[in-house]
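Q: data11.txt is the file, holding compact mmCIF, C-alpha atoms and all ligand atoms:
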```
# COMPACT_ATOMS: atom_id res chain seq x y z
CA MET A 275 16.19 4.38 15.28
CA THR A 276 13.54 1.69 15.61
CA LEU A 277 10.08 1.27 14.24
CA ALA A 278 9.08 -1.49 16.64
CA VAL A 279 6.41 0.64 18.33
CA GLN A 280 3.51 -1.52 17.21
CA ARG A 281 5.23 -4.83 16.64
CA VAL A 282 3.11 -6.97 18.97
CA GLU A 283 -0.28 -6.10 17.55
CA ASN A 284 0.86 -6.49 13.96
CA ALA A 285 0.79 -9.58 11.84
CA GLY A 286 1.15 -9.52 8.10
CA ALA A 287 -1.88 -10.23 5.96
CA SER A 288 -2.05 -13.24 3.71
CA VAL A 289 -3.40 -12.69 0.19
CA ARG A 290 -5.15 -15.26 -1.98
CA ALA A 291 -6.37 -14.26 -5.42
CA SER A 292 -8.27 -16.85 -7.39
CA HIS A 293 -9.39 -15.99 -10.95
CA VAL A 294 -9.85 -12.32 -10.05
CA THR A 295 -11.20 -10.17 -12.89
CA ARG A 296 -11.98 -6.44 -12.94
CA SER A 297 -13.07 -4.60 -16.07
CA PHE A 298 -14.12 -1.06 -16.88
CA GLY A 299 -16.65 0.10 -19.49
CA ALA A 300 -18.94 -2.04 -21.60
CA GLY A 301 -19.27 -3.43 -25.10
CA ALA A 302 -16.50 -2.53 -27.52
CA ALA A 303 -15.08 -0.05 -24.99
CA ARG A 304 -14.67 -2.69 -22.27
CA ILE A 305 -11.17 -2.86 -20.83
CA VAL A 306 -10.24 -5.89 -18.75
CA ALA A 307 -7.75 -4.25 -16.39
CA VAL A 308 -7.24 -7.36 -14.25
CA ASP A 309 -7.85 -10.58 -16.14
CA ASP A 310 -8.33 -13.90 -14.35
CA LEU A 311 -5.45 -13.37 -11.88
CA SER A 312 -4.52 -16.10 -9.43
CA PHE A 313 -1.67 -15.86 -6.92
CA THR A 314 -0.94 -16.10 -3.25
CA VAL A 315 1.22 -13.99 -0.94
CA SER A 316 2.19 -15.33 2.46
CA PRO A 317 2.16 -13.12 5.58
CA GLY A 318 5.17 -10.84 5.79
CA ALA A 319 6.28 -11.28 2.17
CA VAL A 320 7.43 -8.25 0.19
CA VAL A 321 6.27 -8.42 -3.42
CA ALA A 322 7.14 -6.24 -6.39
CA LEU A 323 4.41 -5.79 -8.98
CA ARG A 324 5.92 -5.05 -12.36
CA GLY A 325 4.57 -4.47 -15.81
CA ALA A 326 4.22 -1.87 -18.54
CA SER A 327 1.95 1.14 -18.19
CA GLY A 328 -1.66 -0.03 -18.37
CA SER A 329 -0.88 -3.62 -17.39
CA GLY A 330 -3.21 -3.45 -14.37
CA LYS A 331 -0.89 -2.81 -11.42
CA SER A 332 -2.82 0.07 -9.87
CA THR A 333 -6.15 -1.67 -10.46
CA LEU A 334 -4.86 -4.73 -8.61
CA LEU A 335 -3.68 -2.53 -5.71
CA HIS A 336 -7.13 -0.87 -5.59
CA LEU A 337 -8.76 -4.31 -5.41
CA LEU A 338 -6.41 -5.37 -2.60
CA ALA A 339 -7.12 -2.12 -0.75
CA GLY A 340 -10.86 -2.68 -0.97
CA ILE A 341 -11.29 0.53 -3.01
CA GLU A 342 -12.57 -1.50 -6.00
CA ARG A 343 -14.41 -4.80 -5.95
CA PRO A 344 -13.65 -7.68 -8.30
CA ASP A 345 -16.26 -8.43 -11.00
CA SER A 346 -15.61 -12.12 -10.49
CA GLY A 347 -13.19 -14.48 -8.82
CA GLU A 348 -12.23 -14.55 -5.18
CA LEU A 349 -9.86 -12.14 -3.43
CA VAL A 350 -9.19 -12.96 0.21
CA VAL A 351 -6.94 -10.64 2.24
CA ALA A 352 -6.25 -11.46 5.90
CA GLY A 353 -9.22 -13.82 5.83
CA VAL A 354 -11.63 -11.19 4.43
CA ASP A 355 -13.32 -12.12 1.15
CA LEU A 356 -13.27 -8.66 -0.44
CA GLY A 357 -15.77 -9.50 -3.19
CA ARG A 358 -18.40 -10.61 -0.69
CA ALA A 359 -17.60 -8.51 2.38
CA THR A 360 -20.30 -6.18 3.67
CA ARG A 361 -19.63 -2.44 3.36
CA ARG A 362 -18.84 -2.32 7.05
CA HIS A 363 -16.27 -5.11 6.77
CA LEU A 364 -14.78 -3.46 3.69
CA THR A 365 -14.39 -0.19 5.64
CA GLN A 366 -12.72 -2.11 8.46
CA HIS A 367 -10.43 -3.77 5.91
CA ARG A 368 -9.43 -0.43 4.38
CA ARG A 369 -8.36 0.77 7.82
CA ARG A 370 -5.91 -2.14 8.10
CA VAL A 371 -4.26 -1.25 4.80
CA GLY A 372 -1.51 1.37 4.54
CA LEU A 373 -1.34 3.19 1.21
CA VAL A 374 1.65 4.99 -0.26
CA PHE A 375 1.35 6.76 -3.62
CA GLN A 376 3.75 8.10 -6.22
CA ARG A 377 2.80 11.74 -5.62
CA PHE A 378 2.60 11.55 -1.82
CA HIS A 379 -1.06 12.78 -1.73
CA LEU A 380 -0.56 14.83 1.42
CA LEU A 381 -3.24 17.37 2.32
CA PRO A 382 -1.56 20.73 1.61
CA ALA A 383 -3.56 22.81 4.11
CA MET A 384 -2.73 20.50 7.02
CA SER A 385 0.44 20.22 9.07
CA VAL A 386 2.72 17.20 8.81
CA LEU A 387 1.36 15.90 12.14
CA ASP A 388 -2.28 16.29 11.04
CA ASN A 389 -1.52 14.50 7.76
CA VAL A 390 -0.23 11.50 9.71
CA LEU A 391 -3.31 11.63 11.95
CA ALA A 392 -5.81 11.95 9.09
CA PRO A 393 -6.58 8.22 8.63
CA VAL A 394 -7.44 7.70 12.31
CA ILE A 395 -9.44 10.90 12.88
CA PRO A 396 -12.81 9.15 12.35
CA VAL A 397 -11.75 6.00 14.17
CA ARG A 398 -12.14 5.22 17.86
CA VAL A 399 -8.83 3.81 19.09
CA THR A 400 -7.31 2.77 22.37
CA PHE A 401 -3.98 4.54 21.88
CA ASP A 402 -2.99 8.21 22.08
CA LYS A 403 -3.22 9.21 18.42
CA ALA A 404 -1.02 12.30 18.57
CA ALA A 405 1.66 10.51 20.58
CA ARG A 406 1.74 7.68 18.06
CA ALA A 407 1.90 10.12 15.14
CA ARG A 408 4.89 11.83 16.77
CA GLU A 409 6.58 8.47 17.36
CA LEU A 410 6.08 7.51 13.74
CA LEU A 411 7.40 10.84 12.47
CA ALA A 412 10.48 10.40 14.63
CA ALA A 413 10.90 6.86 13.33
CA VAL A 414 10.90 8.07 9.71
CA GLY A 415 13.46 10.76 10.55
CA LEU A 416 11.14 13.77 10.79
CA ALA A 417 11.18 14.61 14.51
CA GLY A 418 10.80 18.36 14.91
CA ARG A 419 8.94 18.83 11.62
CA GLU A 420 5.46 18.14 13.03
CA SER A 421 4.14 21.68 12.48
CA ALA A 422 5.61 22.13 9.02
CA ALA A 423 3.36 22.34 5.97
CA PRO A 424 3.94 19.65 3.32
CA SER A 425 5.08 22.35 0.87
CA GLN A 426 7.99 23.16 3.19
CA LEU A 427 9.38 19.63 2.82
CA SER A 428 11.40 17.99 0.05
CA GLY A 429 9.83 15.23 -2.02
CA GLY A 430 11.66 12.56 -0.04
CA GLN A 431 10.53 14.10 3.23
CA GLN A 432 6.94 14.27 1.98
CA GLN A 433 7.10 10.60 1.10
CA ARG A 434 8.39 9.88 4.62
CA VAL A 435 5.30 11.64 5.97
CA ALA A 436 3.19 9.46 3.68
CA VAL A 437 4.92 6.34 5.05
CA ALA A 438 4.22 7.48 8.63
CA ARG A 439 0.58 8.12 7.65
CA ALA A 440 0.37 4.65 6.12
CA LEU A 441 1.56 3.14 9.42
CA ILE A 442 -0.74 4.88 11.89
CA GLY A 443 -3.53 2.34 11.51
CA SER A 444 -1.17 -0.59 12.27
CA PRO A 445 -1.55 -2.00 8.77
CA ALA A 446 -1.38 -5.71 8.11
CA LEU A 447 -0.77 -4.87 4.47
CA ILE A 448 1.12 -1.97 2.91
CA LEU A 449 0.30 -1.19 -0.71
CA ALA A 450 2.66 1.19 -2.47
CA ASP A 451 1.98 2.46 -5.99
CA GLU A 452 5.29 3.54 -7.54
CA PRO A 453 6.48 5.06 -4.24
CA THR A 454 9.84 6.07 -5.71
CA GLY A 455 8.45 7.25 -9.06
CA SER A 456 8.59 10.97 -8.25
CA LEU A 457 11.98 10.88 -6.50
CA ASP A 458 15.59 11.01 -7.66
CA SER A 459 17.37 7.67 -7.43
CA THR A 460 19.20 8.36 -4.15
CA THR A 461 16.04 9.56 -2.40
CA GLY A 462 14.09 6.71 -3.98
CA THR A 463 16.55 4.20 -2.53
CA GLU A 464 16.17 5.83 0.91
CA ILE A 465 12.39 5.54 0.75
CA MET A 466 12.62 1.95 -0.43
CA ASP A 467 15.00 1.12 2.43
CA LEU A 468 12.55 2.73 4.84
CA LEU A 469 9.62 0.70 3.48
CA LEU A 470 11.61 -2.53 3.65
CA ARG A 471 12.68 -1.79 7.23
CA VAL A 472 9.11 -0.99 8.24
CA ALA A 473 7.79 -4.19 6.69
CA ALA A 474 10.53 -6.34 8.26
CA GLU A 475 10.25 -4.86 11.76
CA ARG A 476 6.48 -5.20 11.81
CA SER A 477 6.19 -8.44 9.79
CA THR A 478 3.87 -6.50 7.49
CA THR A 479 3.02 -7.86 4.08
CA MET A 480 3.91 -5.33 1.39
CA ILE A 481 3.08 -5.11 -2.31
CA ILE A 482 4.85 -2.45 -4.36
CA ALA A 483 3.94 -1.53 -7.92
CA THR A 484 7.07 -0.27 -9.62
CA HIS A 485 8.79 0.42 -12.91
CA ASP A 486 12.11 0.52 -11.06
CA GLU A 487 14.29 -2.58 -11.42
CA GLY A 488 16.24 -1.70 -8.29
CA VAL A 489 13.03 -1.73 -6.26
CA ALA A 490 11.99 -5.10 -7.68
CA ASP A 491 15.43 -6.55 -6.90
CA ALA A 492 15.04 -5.55 -3.25
CA CYS A 493 11.74 -7.45 -2.88
CA ASP A 494 11.28 -11.12 -1.94
CA TYR A 495 9.12 -11.92 -4.97
CA VAL A 496 8.18 -10.40 -8.30
CA ILE A 497 4.81 -10.61 -10.02
CA SER A 498 5.09 -9.43 -13.62
CA MET A 499 1.87 -8.36 -15.31
CA ARG A 500 0.95 -7.88 -18.96
CA ASP A 501 -2.52 -6.90 -20.15
CA GLY A 502 -4.05 -7.66 -16.76
CA GLN A 503 -2.53 -11.11 -16.54
CA ILE A 504 0.46 -12.57 -14.75
CA MET A 505 3.16 -13.30 -17.30
CA ALA A 506 3.81 -16.98 -17.87
CA GLY A 507 6.41 -18.45 -15.57
CA GLU A 508 5.99 -15.76 -12.92
CA ALA A 509 3.13 -17.17 -10.86
CA ALA A 510 5.34 -19.71 -9.12
CA ARG A 511 7.60 -16.93 -7.85
CA SER A 512 4.82 -15.34 -5.84
CA ALA A 513 4.67 -17.14 -2.55
N1 LIG B 1 -11.47 3.78 -13.44
C1 LIG B 1 -11.14 3.34 -14.65
N2 LIG B 1 -11.99 3.51 -15.70
C2 LIG B 1 -11.69 3.05 -16.92
N3 LIG B 1 -10.56 2.40 -17.24
C3 LIG B 1 -9.67 2.21 -16.24
C4 LIG B 1 -9.91 2.66 -14.91
N4 LIG B 1 -8.84 2.31 -14.15
C5 LIG B 1 -7.98 1.68 -14.95
N5 LIG B 1 -8.47 1.60 -16.22
C6 LIG B 1 -7.82 0.97 -17.35
O1 LIG B 1 -7.34 -0.30 -16.92
C7 LIG B 1 -6.07 -0.57 -17.47
C8 LIG B 1 -5.07 -0.83 -16.36
O2 LIG B 1 -4.83 0.39 -15.70
P1 LIG B 1 -3.89 0.52 -14.43
O3 LIG B 1 -3.98 1.91 -13.96
O4 LIG B 1 -4.25 -0.56 -13.48
O5 LIG B 1 -2.45 0.21 -15.05
P2 LIG B 1 -0.99 0.36 -14.40
O6 LIG B 1 -0.29 -0.93 -14.62
O7 LIG B 1 -1.12 0.85 -13.01
O8 LIG B 1 -0.32 1.49 -15.30
P3 LIG B 1 0.79 2.61 -14.92
O9 LIG B 1 2.12 1.88 -14.89
O10 LIG B 1 0.72 3.58 -16.05
O11 LIG B 1 0.41 3.21 -13.61
C9 LIG B 1 -5.72 0.61 -18.37
O12 LIG B 1 -6.08 0.29 -19.69
C10 LIG B 1 -6.59 1.72 -17.83
O13 LIG B 1 -6.90 2.65 -18.82
MG MG B 2 -0.49 2.58 -12.05
```
If you convert what's in this file into structure tokens, what do you get?
Ligand SMILES: Nc1ncnc2c1ncn2[C@@H]1O[C@H](COP(=O)(O)OP(=O)(O)OP(=O)(O)O)[C@@H](O)[C@H]1O
Ligand SMILES: [Mg+2]
A:
Amino acid sequence: MTLAVQRVENAGASVRASHVTRSFGAGAARIVAVDDLSFTVSPGAVVALRGASGSGKSTLLHLLAGIERPDSGELVVAGVDLGRATRRHLTQHRRRVGLVFQRFHLLPAMSVLDNVLAPVIPVRVTFDKAARARELLAAVGLAGRESAAPSQLSGGQQQRVAVARALIGSPALILADEPTGSLDSTTGTEIMDLLLRVAAERSTTMIIATHDEGVADACDYVISMRDGQIMAGEAARSA
């Protein structure tokens, strides 16, 4: 079983965050979710993002994905300055990011195959979309399940579909928000192994928010957050 389908066109994204801040609300209700963060991630690195609930992990992933913009500071992913990018460039950036969520977020009315195809439906591409979706499903161990509905699959299988969906746009960066959080530990380990294999075979940069120590141990680097900031002594470990 190999995932090397898209190896040549893929190169991992570099990430450079410099004094990135993102807050919500105003006045006394203002919450600084990401507070003056600075770190770098080199292409192909696999980084665990740790921290208590509310420490800013998901907000940071949303900033990296181009779903949110920083209030201040500079966030450069694969050479794109996300705070200053035009809407069009931000849309292009989002297409080069693969997202995996805790609760799979598959579209229940669509088949497994159509879920994998969903991110590239509005995009003009040079490859055969359906053929690539089938290849990816086979690569994550789901050959033959293309016509199934998500509800007919186990949680681990649904997360495999989500991983295949995250890969269809040839991402330079995979962002996973507690990808094992809804799974039992054995299935969680399988999904983590799959993500690590995908990232290694494609040299993709990957950042995984997790509460799971086992997941963090499997990553190259750990960034530990508290109250929107990187905990002292951790910054040097992100490379
Ligand atoms: N859209 C939003 N509007 C208002 N506040 C928000 C918004 N998004 C996040 N926050 C706040 O920002 C802080 C950081 O939230 P975030 O979701 O990034 O934490 P987290 O580390 O992902 O937590 P968890 O481990 O529970 O997923 C929290 O105080 C949260 O309430
Ligand atoms: Mg979160």
Q: Within 10 Å of (1.8, 15.0, 2.8), in the coordinates the file gives, what residues turn up when you count all atoms listed in the file, written out as an mmCIF file with C-alpha atoms, in the coordinates of the input?
A:
```cif
data_model
loop_
_atom_site.group_PDB
_atom_site.id
_atom_site.type_symbol
_atom_site.label_atom_id
_atom_site.label_comp_id
_atom_site.auth_asym_id
_atom_site.auth_seq_id
_atom_site.Cartn_x
_atom_site.Cartn_y
_atom_site.Cartn_z
ATOM 1 C CA ARG A 377 2.800 11.740 -5.620
ATOM 2 C CA PHE A 378 2.600 11.550 -1.820
ATOM 3 C CA HIS A 379 -1.060 12.780 -1.730
ATOM 4 C CA LEU A 380 -0.560 14.830 1.420
ATOM 5 C CA LEU A 381 -3.240 17.370 2.320
ATOM 6 C CA PRO A 382 -1.560 20.730 1.610
ATOM 7 C CA ALA A 383 -3.560 22.810 4.110
ATOM 8 C CA MET A 384 -2.730 20.500 7.020
ATOM 9 C CA SER A 385 0.440 20.220 9.070
ATOM 10 C CA VAL A 386 2.720 17.200 8.810
ATOM 11 C CA LEU A 387 1.360 15.900 12.140
ATOM 12 C CA ASP A 388 -2.280 16.290 11.040
ATOM 13 C CA ASN A 389 -1.520 14.500 7.760
ATOM 14 C CA VAL A 390 -0.230 11.500 9.710
ATOM 15 C CA ALA A 423 3.360 22.340 5.970
ATOM 16 C CA PRO A 424 3.940 19.650 3.320
ATOM 17 C CA SER A 425 5.080 22.350 0.870
ATOM 18 C CA LEU A 427 9.380 19.630 2.820
ATOM 19 C CA GLY A 429 9.830 15.230 -2.020
ATOM 20 C CA GLN A 431 10.530 14.100 3.230
ATOM 21 C CA GLN A 432 6.940 14.270 1.980
ATOM 22 C CA GLN A 433 7.100 10.600 1.100
ATOM 23 C CA ARG A 434 8.390 9.880 4.620
ATOM 24 C CA VAL A 435 5.300 11.640 5.970
ATOM 25 C CA ALA A 436 3.190 9.460 3.680
ATOM 26 C CA VAL A 437 4.920 6.340 5.050
ATOM 27 C CA ALA A 438 4.220 7.480 8.630
ATOM 28 C CA ARG A 439 0.580 8.120 7.650
#
```
Q: Any residue with an atom at most 12 Å from ligand LIG 1 (chain B) counts, using only C-alpha atoms and all ligand atoms. Which are they? Put them as a PyMOL selection string.
A: chain A and resi 295-300+303-309+323-337+341-343+375-377+450-453+455+482-486+497-504
Q: How many Å lie between atom CA of Val414 of chain A and atom CA of Thr460 of chain A, rounded to one decimal?
A: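 Between atom CA of Val414 of chain A and atom CA of Thr460 of chain A the gap works out to 16.2 Å.
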Q: Within 9 Å of segment 345-348 of chain A, counting all atoms listed in the file, which residues qualify if same-chain residues fewer than 4 places away don't, as a PDB file with C-alpha atoms, in the coordinates of the input?
A:
```pdb
ATOM      1  CA  ARG A 290      -5.150 -15.260  -1.980  1.00  0.00           C
ATOM      2  CA  ALA A 291      -6.370 -14.260  -5.420  1.00  0.00           C
ATOM      3  CA  SER A 292      -8.270 -16.850  -7.390  1.00  0.00           C
ATOM      4  CA  HIS A 293      -9.390 -15.990 -10.950  1.00  0.00           C
ATOM      5  CA  VAL A 294      -9.850 -12.320 -10.050  1.00  0.00           C
ATOM      6  CA  THR A 295     -11.200 -10.170 -12.890  1.00  0.00           C
ATOM      7  CA  ARG A 296     -11.980  -6.440 -12.940  1.00  0.00           C
ATOM      8  CA  SER A 297     -13.070  -4.600 -16.070  1.00  0.00           C
ATOM      9  CA  ASP A 310      -8.330 -13.900 -14.350  1.00  0.00           C
ATOM     10  CA  LEU A 311      -5.450 -13.370 -11.880  1.00  0.00           C
ATOM     11  CA  SER A 312      -4.520 -16.100  -9.430  1.00  0.00           C
ATOM     12  CA  ASP A 355     -13.320 -12.120   1.150  1.00  0.00           C
ATOM     13  CA  LEU A 356     -13.270  -8.660  -0.440  1.00  0.00           C
ATOM     14  CA  GLY A 357     -15.770  -9.500  -3.190  1.00  0.00           C
ATOM     15  CA  ARG A 358     -18.400 -10.610  -0.690  1.00  0.00           C
TER      16      ARG A 358
END
```
Q: Looking at A:Gly286, A:Gly443, A:Gly418, A:Gly488, which one is nearest to Gly318 of chain A, with distances taken over all atoms listed in the file?
A: A:Gly286
Q: Using only C-alpha atoms, which residue out of A:Pro317, A:Ala352, A:Val472, A:Ser477 lies closest to Gln366 of chain A?
A: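 Checking each of A:Pro317, A:Ala352, A:Val472, A:Ser477 against Gln366 of chain A, counting only C-alpha atoms, the winner is A:Ala352.
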Q: In the coordinates of the file, take the point (6.0, -6.0, 1.7) and a cut-off of 9 Å; then, counting all atoms listed in the file, name each qualifying protein, DNA or RNA residue as a list of chain:residue names.
A: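 In the file's frame, the residues around the point are A:Gly286, A:Pro317, A:Gly318, A:Ala319, A:Val320, A:Val321, A:Ala322, A:Leu447, A:Ile448, A:Leu449, A:Ala450, A:Leu469, A:Leu470, A:Val472, A:Ala473, A:Ala474, A:Ser477, A:Thr478, A:Thr479, A:Met480, A:Ile481, A:Ile482, A:Cys493, A:Asp494.
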Q: In Å to one decimal, how far is atom CA of Ala492 of chain A from atom CA of Met466 of chain A?
A: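 It comes out at 8.4 Å.
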Q: Between atom CA of Val315 of chain A and atom CA of Val289 of chain A, what is the distance, to one decimal in Å?
A: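 A separation of 4.9 Å between them.
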Q: Go through A:Arg476, A:Phe313, A:Arg408, A:Arg369 and flag the residue nearest Ser421 of chain A, using all atoms listed in the file for the distances.
A: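 Between A:Arg476, A:Phe313, A:Arg408, A:Arg369, the residue approaching Ser421 of chain A most closely is A:Arg408.
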Q: Within 8 Å of Val394 of chain A, counting all atoms listed in the file, which residues show up once you throw out same-chain ones fewer than 5 positions away? Write them as a list in words, please.
A: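 Using all atoms listed in the file, the neighbours found are Val399, Lys403, Ile442 and Gly443 of chain A.
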